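Text of work_32.cif (mmCIF, C-alpha atoms) as supplied:
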data_coords
#
loop_
_atom_site.label_atom_id
_atom_site.label_comp_id
_atom_site.auth_asym_id
_atom_site.auth_seq_id
_atom_site.Cartn_x
_atom_site.Cartn_y
_atom_site.Cartn_z
CA MET A 1475 50.49 0.18 45.33
CA PHE A 1476 54.29 0.07 45.43
CA ASN A 1477 55.67 -3.34 46.30
CA GLU A 1478 58.58 -4.18 48.58
CA GLN A 1479 61.10 -4.20 45.74
CA GLN A 1480 60.05 -0.76 44.50
CA LEU A 1481 60.05 0.70 48.01
CA ASN A 1482 63.55 -0.66 48.59
CA GLN A 1483 64.66 0.79 45.28
CA LEU A 1484 63.44 4.22 46.37
CA TYR A 1485 65.11 3.75 49.73
CA LYS A 1486 68.45 2.89 48.14
CA TYR A 1487 68.17 5.90 45.90
CA ALA A 1488 67.46 8.14 48.89
CA TYR A 1489 70.41 6.57 50.69
CA SER A 1490 72.67 7.33 47.72
CA LEU A 1491 71.95 11.02 48.34
CA SER A 1492 71.81 11.21 52.11
CA LYS A 1493 74.26 8.46 53.08
CA ASN A 1494 72.19 8.05 56.22
CA LYS A 1495 69.55 5.34 56.63
CA ASP A 1496 67.20 7.34 58.87
CA ASP A 1497 67.29 10.36 56.57
CA ALA A 1498 66.78 8.07 53.57
CA TYR A 1499 63.67 6.58 55.15
CA ASP A 1500 62.25 10.02 55.98
CA LEU A 1501 62.84 11.12 52.40
CA VAL A 1502 61.04 8.05 51.03
CA TYR A 1503 58.12 8.37 53.45
CA ASN A 1504 57.54 12.07 52.80
CA SER A 1505 57.93 11.79 49.05
CA LEU A 1506 55.63 8.77 48.85
CA GLU A 1507 53.02 10.61 50.88
CA ARG A 1508 53.29 13.63 48.59
CA TYR A 1509 52.88 11.39 45.56
CA LEU A 1510 49.82 9.65 47.01
CA GLN A 1511 48.17 12.99 47.75
CA GLN A 1512 48.72 14.29 44.25
CA GLU A 1513 47.51 11.22 42.36
CA LYS A 1514 50.11 11.40 39.60
CA PRO A 1515 49.89 8.89 36.74
CA LYS A 1516 51.18 5.49 37.78
CA ASN A 1517 53.55 4.98 34.85
CA GLU A 1518 55.65 7.96 35.98
CA ALA A 1519 55.40 7.15 39.65
CA MET A 1520 58.95 5.95 40.35
CA ALA A 1521 60.53 8.81 38.41
CA TYR A 1522 58.24 11.32 40.13
CA ILE A 1523 59.08 10.04 43.60
CA LYS A 1524 62.80 9.97 42.87
CA ARG A 1525 62.64 13.60 41.73
CA SER A 1526 60.69 14.43 44.85
CA ILE A 1527 63.29 12.67 47.03
CA LYS A 1528 66.08 14.59 45.35
CA ASN A 1529 64.32 17.96 45.68
CA ALA A 1530 63.52 17.31 49.33
CA PHE A 1531 67.12 16.36 49.99
CA ILE A 1532 68.46 19.49 48.32
CA ASP A 1533 65.97 21.62 50.27
CA HIS A 1534 67.12 19.92 53.44
CA LEU A 1535 70.75 20.69 52.64
CA LYS A 1536 69.93 24.31 51.96
CA SER A 1537 67.79 24.82 55.02
CA SER A 1538 70.13 23.08 57.42
CA ARG A 1539 73.13 24.97 56.04
CA HIS A 1540 74.91 21.73 56.44
CA ARG A 1541 76.61 21.76 53.12
CA LYS A 1542 79.85 19.94 53.21
CA GLU A 1543 79.45 20.09 49.46
CA VAL A 1544 77.12 22.11 47.30
CA TYR A 1545 74.93 20.28 44.88
CA LEU A 1546 76.02 21.92 41.67
CA GLU A 1547 73.96 21.45 38.57
CA ASP A 1548 76.88 22.21 36.31
CA SER A 1549 80.12 21.51 38.02
CA LEU A 1550 82.50 20.81 35.20
CA THR A 1551 86.10 21.45 36.08
CA GLN A 1552 88.23 23.83 34.06
CA ASP A 1553 89.86 20.88 32.39
CA ASP A 1554 86.52 19.53 31.31
CA ASN A 1555 85.58 22.87 29.80
CA SER A 1556 88.82 23.50 28.00
CA ASN A 1557 88.13 21.21 25.08
CA PRO A 1558 84.83 19.47 25.52
CA SER A 1559 84.75 17.61 22.21
CA ALA A 1560 88.29 16.28 22.52
CA SER A 1561 87.77 15.10 26.07
CA PHE A 1562 84.41 13.56 25.15
CA ASP A 1563 86.05 10.96 22.90
CA ASN A 1564 88.52 10.04 25.60
CA LEU A 1565 85.77 9.83 28.13
CA ILE A 1566 83.78 7.30 26.13
CA ASP A 1567 86.74 5.04 26.45
CA ILE A 1568 86.99 5.83 30.16
CA ASN A 1569 83.34 4.99 30.70
CA THR A 1570 83.33 1.67 28.91
CA ASN A 1571 86.66 0.39 30.14
CA CYS A 1572 88.38 2.21 32.94
CA LEU A 1573 85.59 2.82 35.43
CA GLU A 1574 84.45 -0.78 35.04
CA GLU A 1575 87.99 -1.90 35.82
CA THR A 1576 88.64 0.45 38.71
CA LEU A 1577 89.50 -1.60 41.77
CA ILE A 1578 88.89 -0.70 45.38
CA ASN A 1579 89.29 -2.51 48.64
CA GLU A 1580 85.88 -3.78 49.72
CA GLN A 1581 86.45 -2.65 53.33
CA GLN A 1582 87.15 0.90 52.21
CA VAL A 1583 84.33 1.53 49.81
CA SER A 1584 82.24 3.31 52.48
CA ALA A 1585 85.11 5.64 53.31
CA PHE A 1586 85.51 6.36 49.62
CA THR A 1587 81.85 7.16 48.97
CA GLU A 1588 81.85 9.42 52.05
CA GLN A 1589 84.38 11.56 50.20
CA LEU A 1590 82.23 11.94 47.12
CA ASN A 1591 79.68 14.69 46.78
CA THR A 1592 75.96 14.02 46.51
CA GLU A 1593 75.84 14.14 42.76
CA GLU A 1594 78.75 11.73 42.40
CA ASN A 1595 77.11 9.29 44.79
CA GLU A 1596 73.87 9.54 42.85
CA LEU A 1597 75.70 8.75 39.61
CA LEU A 1598 77.52 5.83 41.19
CA TYR A 1599 74.18 4.48 42.42
CA TYR A 1600 72.58 4.68 38.99
CA TRP A 1601 75.63 3.19 37.31
CA ALA A 1602 76.46 0.38 39.75
CA VAL A 1603 73.13 -0.52 41.38
CA GLU A 1604 70.58 0.22 38.70
CA GLY A 1605 72.96 -0.62 35.86
CA TYR A 1606 72.19 2.49 33.83
CA THR A 1607 74.07 3.22 30.62
CA VAL A 1608 75.32 6.75 30.04
CA GLN A 1609 72.38 7.34 27.70
CA GLU A 1610 69.93 6.22 30.41
CA LEU A 1611 71.74 8.39 32.95
CA SER A 1612 71.37 11.29 30.59
CA ASP A 1613 67.65 10.60 30.17
CA GLU A 1614 67.16 10.27 33.91
CA THR A 1615 69.11 13.32 35.00
CA GLY A 1616 68.51 15.52 31.96
CA LYS A 1617 72.24 16.18 31.65
CA PRO A 1618 74.29 15.90 28.44
CA LYS A 1619 76.23 12.67 27.98
CA GLY A 1620 79.53 14.55 27.82
CA THR A 1621 78.90 16.14 31.20
CA LEU A 1622 78.06 12.78 32.73
CA LEU A 1623 81.11 11.10 31.25
CA SER A 1624 83.23 13.87 32.65
CA LYS A 1625 81.74 13.30 36.08
CA LEU A 1626 82.33 9.55 35.86
CA HIS A 1627 85.90 10.30 34.85
CA ARG A 1628 86.29 12.45 37.93
CA ILE A 1629 84.95 9.65 40.11
CA ARG A 1630 87.53 7.30 38.66
CA LYS A 1631 90.30 9.82 39.38
CA LYS A 1632 89.07 10.18 42.92
CA ALA A 1633 89.02 6.40 43.34
CA GLU A 1634 92.60 6.16 42.10
CA GLN A 1635 93.75 8.95 44.40
CA PHE A 1636 91.92 7.34 47.30
CA THR A 1637 93.44 3.90 46.82
CA SER A 1638 96.87 5.41 46.28
CA ARG A 1639 96.57 7.41 49.54
CA ILE A 1640 95.47 4.30 51.40
CA SER A 1641 98.38 2.26 50.07
CA GLN A 1642 100.81 5.06 50.99
CA LEU A 1643 99.38 5.11 54.49
CA ASN A 1644 99.71 1.35 54.75
CA THR A 1645 103.29 1.47 53.50
CA GLY A 1646 104.08 4.20 56.03
CA ARG A 1647 102.70 2.07 58.81
CA ILE A 1648 104.79 -0.93 57.78
CA LEU A 1649 107.96 1.19 57.62
CA MET B 1369 90.81 -7.63 52.80
CA THR B 1370 90.20 -8.08 49.08
CA ASP B 1371 90.03 -5.74 46.15
CA LYS B 1372 86.89 -5.67 44.05
CA THR B 1373 85.83 -3.65 41.08
CA LEU B 1374 84.28 -0.37 42.12
CA LYS B 1375 80.98 -1.55 40.66
CA GLU B 1376 80.90 -4.77 42.69
CA ALA B 1377 81.94 -2.97 45.85
CA ILE B 1378 79.17 -0.37 45.44
CA GLN B 1379 76.63 -3.12 44.68
CA ASP B 1380 77.65 -4.96 47.86
CA GLN B 1381 77.35 -1.76 49.86
CA TYR B 1382 73.77 -1.25 48.68
CA LYS B 1383 72.77 -4.86 49.34
CA ALA B 1384 72.82 -3.99 53.02
CA VAL B 1385 70.54 -0.99 52.47
CA GLN B 1386 67.12 -2.55 52.98
CA LEU B 1387 63.99 -1.25 54.63
CA THR B 1388 63.21 -2.99 57.92
CA ASP B 1389 59.94 -4.88 58.41
CA ASP B 1390 58.64 -2.01 60.56
CA GLN B 1391 59.47 0.57 57.92
CA LEU B 1392 57.84 -1.54 55.21
CA ASN B 1393 54.74 -1.87 57.35
CA GLN B 1394 54.58 1.89 57.85
CA LEU B 1395 54.91 2.51 54.11
CA ASP B 1396 52.27 -0.14 53.35
CA GLN B 1397 49.94 1.45 55.89
CA LEU B 1398 50.52 4.84 54.35
CA GLN B 1399 49.57 3.47 50.93
CA ALA B 1400 46.56 1.59 52.29
CA LYS B 1401 45.34 4.71 54.11
CA HIS B 1402 45.48 6.79 50.94
CA GLN B 1403 43.79 4.07 48.91
CA VAL B 1404 40.91 3.93 51.40
CA ASN B 1405 40.64 7.75 51.48
CA LYS B 1406 40.51 7.84 47.69
CA GLN B 1407 37.75 5.25 47.58
CA VAL B 1408 35.78 6.99 50.33
CA SER B 1409 36.02 10.38 48.60
CA GLY B 1410 35.01 8.75 45.28
CA LYS B 1411 32.04 7.17 47.00
CA LYS B 1412 31.09 10.48 48.64
CA SER B 1413 30.97 12.26 45.32
CA SER B 1414 28.79 9.48 43.84
CA ILE B 1415 26.49 9.78 46.82
CA ASN B 1416 26.22 13.54 46.30
CA TYR B 1417 25.50 13.10 42.61
CA TYR B 1418 22.87 10.46 43.03
CA GLY B 1419 21.65 11.88 46.31
CA LEU B 1420 19.49 14.51 44.64
CA ALA B 1421 17.82 12.00 42.35
CA ALA B 1422 17.27 9.66 45.29
CA ALA B 1423 15.77 12.45 47.38
CA ILE B 1424 13.32 13.36 44.61
CA THR B 1425 12.30 9.71 44.20
CA VAL B 1426 11.81 9.31 47.94
CA THR B 1427 9.72 12.46 48.12
CA LEU B 1428 7.52 11.20 45.30
CA LEU B 1429 7.19 7.83 46.97
CA LEU B 1430 6.28 9.45 50.27
CA GLY B 1431 3.69 11.47 48.46
CA LEU B 1432 2.12 8.27 47.16
CA MET B 1433 2.52 5.98 50.13
CA PHE B 1434 1.42 6.40 53.74
CA GLY B 1435 1.50 4.66 57.12
CA SER B 1436 2.76 1.10 57.05
CA GLN B 1437 4.32 1.54 53.61
CA PHE B 1438 6.65 4.16 55.07
CA THR B 1439 7.71 1.73 57.80
CA THR B 1440 8.57 -0.90 55.18
CA PHE B 1441 10.68 1.59 53.26
CA ASN B 1442 12.52 2.59 56.42
CA SER B 1443 13.40 -0.96 57.35
CA ASP B 1444 14.65 -1.71 53.82
CA SER B 1445 16.86 1.32 54.02
CA GLN B 1446 18.40 0.08 57.30
CA ASP B 1447 19.25 -3.22 55.59
CA THR B 1448 20.91 -1.36 52.74
CA ILE B 1449 23.07 0.58 55.18
CA ALA B 1450 24.02 -2.64 56.99
CA GLN B 1451 24.94 -4.27 53.66
CA GLY B 1452 27.02 -1.22 52.74
CA GLU B 1453 28.95 -1.46 56.03
CA SER B 1454 29.64 -5.15 55.41
CA SER B 1455 30.83 -4.60 51.88
CA ASP B 1456 33.24 -1.90 53.12
CA LEU B 1457 34.52 -4.39 55.69
CA PHE B 1458 34.94 -7.16 53.07
CA ARG B 1459 36.84 -4.81 50.81
CA ARG B 1460 39.11 -3.62 53.63
CA VAL B 1461 39.86 -7.17 54.78
CA ALA B 1462 40.45 -8.31 51.19
CA GLU B 1463 42.93 -5.46 50.65
CA GLU B 1464 44.71 -6.14 53.91
CA VAL B 1465 45.15 -9.87 53.34
CA THR B 1466 46.18 -9.35 49.71
CA LEU B 1467 48.82 -6.88 50.81
CA ASN B 1468 50.17 -9.40 53.32
CA HIS B 1469 50.05 -12.16 50.72
CA ARG B 1470 52.04 -10.10 48.22
CA LYS B 1471 54.71 -9.12 50.70
CA LEU B 1472 55.72 -12.74 51.29
CA ARG B 1473 57.39 -11.96 54.59
CA PRO B 1474 59.64 -14.73 55.88
CA LEU B 1475 57.84 -17.66 57.48
CA GLU B 1476 58.24 -17.91 61.24
CA VAL B 1477 57.56 -21.64 61.19
CA THR B 1478 58.24 -23.93 58.25
CA THR B 1479 56.32 -27.17 58.27
CA ASN B 1480 53.93 -29.21 56.18
CA SER B 1481 52.04 -30.43 59.22
CA PHE B 1482 48.94 -28.58 60.38
CA ASP B 1483 49.50 -29.97 63.88
CA GLU B 1484 52.86 -28.20 63.99
CA ILE B 1485 51.15 -25.02 62.80
CA ARG B 1486 48.73 -25.31 65.73
CA GLY B 1487 51.67 -25.92 68.05
CA TYR B 1488 53.44 -22.79 66.85
CA PHE B 1489 50.58 -20.30 67.22
CA THR B 1490 50.39 -20.24 70.99
CA GLN B 1491 49.88 -16.49 71.31
CA LEU B 1492 46.46 -16.49 69.68
CA ASP B 1493 43.22 -16.50 71.63
CA PHE B 1494 41.90 -19.23 69.35
CA ARG B 1495 43.15 -22.55 68.03
CA PRO B 1496 43.97 -22.58 64.28
CA SER B 1497 41.79 -25.11 62.55
CA SER B 1498 41.83 -26.72 59.12
CA SER B 1499 39.00 -25.61 56.89
CA ASN B 1500 36.53 -27.98 55.26
CA ILE B 1501 36.08 -25.76 52.24
CA PHE B 1502 39.64 -24.52 51.67
CA ASN B 1503 41.71 -26.98 49.69
CA PRO B 1504 44.24 -25.27 47.38
CA LYS B 1505 44.82 -27.36 44.27
CA ASP B 1506 48.10 -29.33 44.12
CA SER B 1507 49.50 -27.24 46.94
CA THR B 1508 51.28 -28.25 50.08
CA LEU B 1509 51.44 -26.49 53.39
CA ILE B 1510 54.83 -24.79 53.81
CA GLY B 1511 54.47 -22.84 57.07
CA GLY B 1512 53.07 -19.78 58.75
CA ARG B 1513 53.62 -16.54 60.60
CA TYR B 1514 51.70 -14.15 62.80
CA CYS B 1515 49.90 -11.22 61.24
CA SER B 1516 46.78 -9.17 61.93
CA ILE B 1517 43.45 -8.49 60.29
CA GLU B 1518 41.60 -5.30 61.22
CA GLY B 1519 44.04 -4.96 64.12
CA ILE B 1520 43.26 -8.43 65.51
CA THR B 1521 46.08 -10.94 65.75
CA ALA B 1522 45.76 -13.63 63.11
CA ALA B 1523 47.54 -16.68 61.75
CA GLN B 1524 48.88 -16.53 58.22
CA ILE B 1525 49.23 -20.05 56.82
CA ARG B 1526 51.00 -20.43 53.51
CA TYR B 1527 50.68 -23.07 50.79
CA GLN B 1528 52.73 -23.51 47.64
CA ASN B 1529 52.09 -25.48 44.46
CA SER B 1530 54.65 -27.17 42.20
CA ALA B 1531 54.85 -24.04 40.04
CA GLY B 1532 55.91 -22.03 43.09
CA GLU B 1533 52.60 -20.14 43.31
CA MET B 1534 51.49 -19.23 46.80
CA THR B 1535 48.08 -19.42 48.38
CA THR B 1536 47.58 -17.94 51.82
CA LEU B 1537 44.95 -18.85 54.37
CA TYR B 1538 44.28 -16.39 57.18
CA GLU B 1539 42.50 -17.27 60.38
CA THR B 1540 41.50 -15.02 63.20
CA ALA B 1541 39.05 -15.03 66.09
CA TYR B 1542 35.46 -14.04 65.34
CA LYS B 1543 34.71 -10.71 67.01
CA PRO B 1544 31.05 -9.87 66.35
CA SER B 1545 31.68 -6.14 66.66
CA VAL B 1546 34.41 -6.26 64.01
CA PHE B 1547 33.52 -9.03 61.58
CA LYS B 1548 29.82 -8.36 61.15
CA GLY B 1549 28.22 -10.01 58.14
CA PHE B 1550 30.81 -12.70 57.35
CA PRO B 1551 28.90 -15.66 55.83
CA ASN B 1552 28.96 -18.71 58.07
CA VAL B 1553 29.65 -21.74 55.87
CA ASP B 1554 28.62 -24.04 58.73
CA GLN B 1555 25.12 -22.62 58.20
CA GLY B 1556 25.22 -23.39 54.49
CA LYS B 1557 26.26 -19.91 53.32
CA GLN B 1558 28.74 -19.31 50.52
CA PRO B 1559 32.04 -17.41 51.00
CA ILE B 1560 32.24 -13.82 49.80
CA ILE B 1561 34.53 -13.52 46.77
CA GLN B 1562 36.46 -10.30 46.19
CA TYR B 1563 39.13 -9.46 43.64
CA THR B 1564 41.96 -7.20 44.74
CA ASP B 1565 44.89 -6.28 42.48
CA GLY B 1566 44.10 -9.35 40.38
CA TYR B 1567 44.11 -11.73 43.37
CA LYS B 1568 41.06 -13.76 44.29
CA VAL B 1569 40.11 -13.37 47.93
CA SER B 1570 37.53 -15.61 49.63
CA LEU B 1571 36.11 -14.53 52.98
CA TRP B 1572 33.99 -16.64 55.29
CA MET B 1573 33.32 -17.77 58.83
CA GLU B 1574 33.86 -21.40 59.77
CA LYS B 1575 34.18 -23.28 63.06
CA GLY B 1576 33.72 -20.02 64.89
CA LEU B 1577 36.73 -18.46 63.14
CA ILE B 1578 37.04 -15.79 60.50
CA MET B 1579 38.92 -17.15 57.51
CA ALA B 1580 40.29 -15.54 54.36
CA ALA B 1581 42.11 -17.15 51.45
CA VAL B 1582 44.17 -15.33 48.83
CA THR B 1583 45.02 -17.20 45.66
CA ALA B 1584 47.41 -16.29 42.89
CA PRO B 1585 46.00 -14.52 39.85
CA GLU B 1586 44.69 -17.01 37.29
#

Could you render the structure from this file as structure tokens?
Amino acid sequence: MFNEQQLNQLYKYAYSLSKNKDDAYDLVYNSLERYLQQEKPKNEAMAYIKRSIKNAFIDHLKSSRHRKEVYLEDSLTQDDNSNPSASFDNLIDINTNCLEETLINEQQVSAFTEQLNTEENELLYYWAVEGYTVQELSDETGKPKGTLLSKLHRIRKKAEQFTSRISQLNTGRIL
Amino acid sequence: MTDKTLKEAIQDQYKAVQLTDDQLNQLDQLQAKHQVNKQVSGKKSSINYYGLAAAITVTLLLGLMFGSQFTTFNSDSQDTIAQGESSDLFRRVAEEVTLNHRKLRPLEVTTNSFDEIRGYFTQLDFRPSSSNIFNPKDSTLIGGRYCSIEGITAAQIRYQNSAGEMTTLYETAYKPSVFKGFPNVDQGKQPIIQYTDGYKVSLWMEKGLIMAAVTAPE
């Protein structure tokens, strides 16, 4: 039996993808039911249900044709591809220092995460809420560390652009 | 408006993302339903497997015994069925109260007075009563909340010891059609003991009430 803490963990994960509490609950309910019917081994239960939640969410996006962003498995930018090994070293530094130090106004964090795509929100969830290291993220998502670091780097850039836009808007208002 | 690190801000955002009590109940019911189905289907397959052997034995017995001996066999078999129904009920109740015990939902009344507990539970069709056989070691009463057992409204009364371990006493009205076979301690019977998920569950009838106690794993 899954306890309250585990169910809430699944719910938060589903919310990281859907950004909607009702949809997140539906995803958890349906995926839990699927798991219970299939009698998978208990030690893999949480990972299995999370995968099921993610697959159901992607299916939902596809079927509803309600893709404000496409969930891309490999969405490295051109920059990221140009010199992967060189950027990898820089990105290690970015991961351990810069993203940890990125500041954002607490009132605007929802607006910021609304602008991120599903995959970026999923990474932010694993990193901030579950406290995963890049290695653990890599194990969980099956993606290379370099790819993940590049994605975290992109999130940091987006956060900087977002806060800079907000401060420009605020300045404009004052003037 | 204050700036936070992105990590802290995201963590705060997710703190507000919590399942409601209703949603948790639905998910718990879903799990309980599947657990019961699994046990029933397991039992069915055992019955099928042993059924053939049982049928052969019965046929042989019938071949050897006649008249009154058949009647005796039939009445024994009825008792076995009745016992089977009761043990299913005990297991179901034990699972339900253990689930409630583990969830540790917020108390609706906090008190260490049983009189205040009685005063709080005004929506029950019985009066909560202290048990003569339930006395959790080194524990004090901390409060209670409404719950249900087998769909019947019940009182959940919680105790805590100095180590923070909880013991929960459940009381509900005795409905003969629902709680068939509960041992009546007022008639000198012993409580039924069940173990569910490592918790010890005692089930009995006392003072005309159905009672259940869940204690922390030892």

Quick one: residues within 12 Å of Leu1506 (chain A), all atoms listed in the file, excluding same-chain residues fewer than 3 positions away - as a JSON list (two decimals) with C-alpha atoms, keeping the file's coordinate frame?
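Produced file part19.json, reproduced below:
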[["chain", "number", "residue", "atom", "x", "y", "z"],
["A", 1475, "MET", "CA", 50.49, 0.18, 45.33],
["A", 1476, "PHE", "CA", 54.29, 0.07, 45.43],
["A", 1480, "GLN", "CA", 60.05, -0.76, 44.50],
["A", 1481, "LEU", "CA", 60.05, 0.70, 48.01],
["A", 1484, "LEU", "CA", 63.44, 4.22, 46.37],
["A", 1485, "TYR", "CA", 65.11, 3.75, 49.73],
["A", 1488, "ALA", "CA", 67.46, 8.14, 48.89],
["A", 1499, "TYR", "CA", 63.67, 6.58, 55.15],
["A", 1500, "ASP", "CA", 62.25, 10.02, 55.98],
["A", 1501, "LEU", "CA", 62.84, 11.12, 52.40],
["A", 1502, "VAL", "CA", 61.04, 8.05, 51.03],
["A", 1503, "TYR", "CA", 58.12, 8.37, 53.45],
["A", 1509, "TYR", "CA", 52.88, 11.39, 45.56],
["A", 1510, "LEU", "CA", 49.82, 9.65, 47.01],
["A", 1511, "GLN", "CA", 48.17, 12.99, 47.75],
["A", 1512, "GLN", "CA", 48.72, 14.29, 44.25],
["A", 1513, "GLU", "CA", 47.51, 11.22, 42.36],
["A", 1514, "LYS", "CA", 50.11, 11.40, 39.60],
["A", 1519, "ALA", "CA", 55.40, 7.15, 39.65],
["A", 1520, "MET", "CA", 58.95, 5.95, 40.35],
["A", 1521, "ALA", "CA", 60.53, 8.81, 38.41],
["A", 1522, "TYR", "CA", 58.24, 11.32, 40.13],
["A", 1523, "ILE", "CA", 59.08, 10.04, 43.60],
["A", 1524, "LYS", "CA", 62.80, 9.97, 42.87],
["A", 1525, "ARG", "CA", 62.64, 13.60, 41.73],
["A", 1526, "SER", "CA", 60.69, 14.43, 44.85],
["A", 1527, "ILE", "CA", 63.29, 12.67, 47.03],
["A", 1530, "ALA", "CA", 63.52, 17.31, 49.33],
["B", 1394, "GLN", "CA", 54.58, 1.89, 57.85],
["B", 1395, "LEU", "CA", 54.91, 2.51, 54.11],
["B", 1396, "ASP", "CA", 52.27, -0.14, 53.35],
["B", 1397, "GLN", "CA", 49.94, 1.45, 55.89],
["B", 1398, "LEU", "CA", 50.52, 4.84, 54.35],
["B", 1399, "GLN", "CA", 49.57, 3.47, 50.93],
["B", 1402, "HIS", "CA", 45.48, 6.79, 50.94]]

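Of the listed residues B:Thr1388, B:Thr1535, B:Ser1545, B:Gln1558, the one whose atoms come nearest to Ile1520 (chain B) is B:Ser1545, with distances taken using all atoms listed in the file.
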
- Message: Counting only C-alpha atoms, a student should be able to say which residues of chain B come within 10 Å of chain A; what is the right answer, written as number ranges by chain?
- Response: B: 1369-1389, 1391-1396, 1398-1403, 1405-1406, 1467, 1470-1473, 1565

- Message: Can you tell me which residues surround region 1573-1583 of chain B at a distance of at most 9 Å, considering all atoms listed in the file, apart from same-chain residues fewer than 6 positions away, and format the answer as JSON, numbers by chain?
- Response: {"B": [1461, 1462, 1465, 1466, 1469, 1494, 1496, 1497, 1499, 1500, 1501, 1502, 1504, 1533, 1534, 1535, 1536, 1537, 1538, 1539, 1540, 1541, 1542, 1543, 1547, 1550, 1551, 1552, 1553, 1554, 1555, 1559, 1567]}

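Interatomic distance, CA of Lys1617 (chain A) against CA of Thr1592 (chain A): 15.5 Å.
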
- Item | Point-to-point distance in Å for CA of Ser1638 (chain A) and CA of Leu1597 (chain A) |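 CA of Ser1638 (chain A) lies 22.4 Å from CA of Leu1597 (chain A).
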
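Separating CA of Glu1476 (chain B) from CA of Asn1529 (chain B) is a distance of 19.4 Å.
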
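Shortest separation to Gly1487 (chain B) among B:Ala1523, B:Val1546, B:Ser1507, B:Arg1459 occurs at residue B:Ala1523, atoms counted being all atoms listed in the file.
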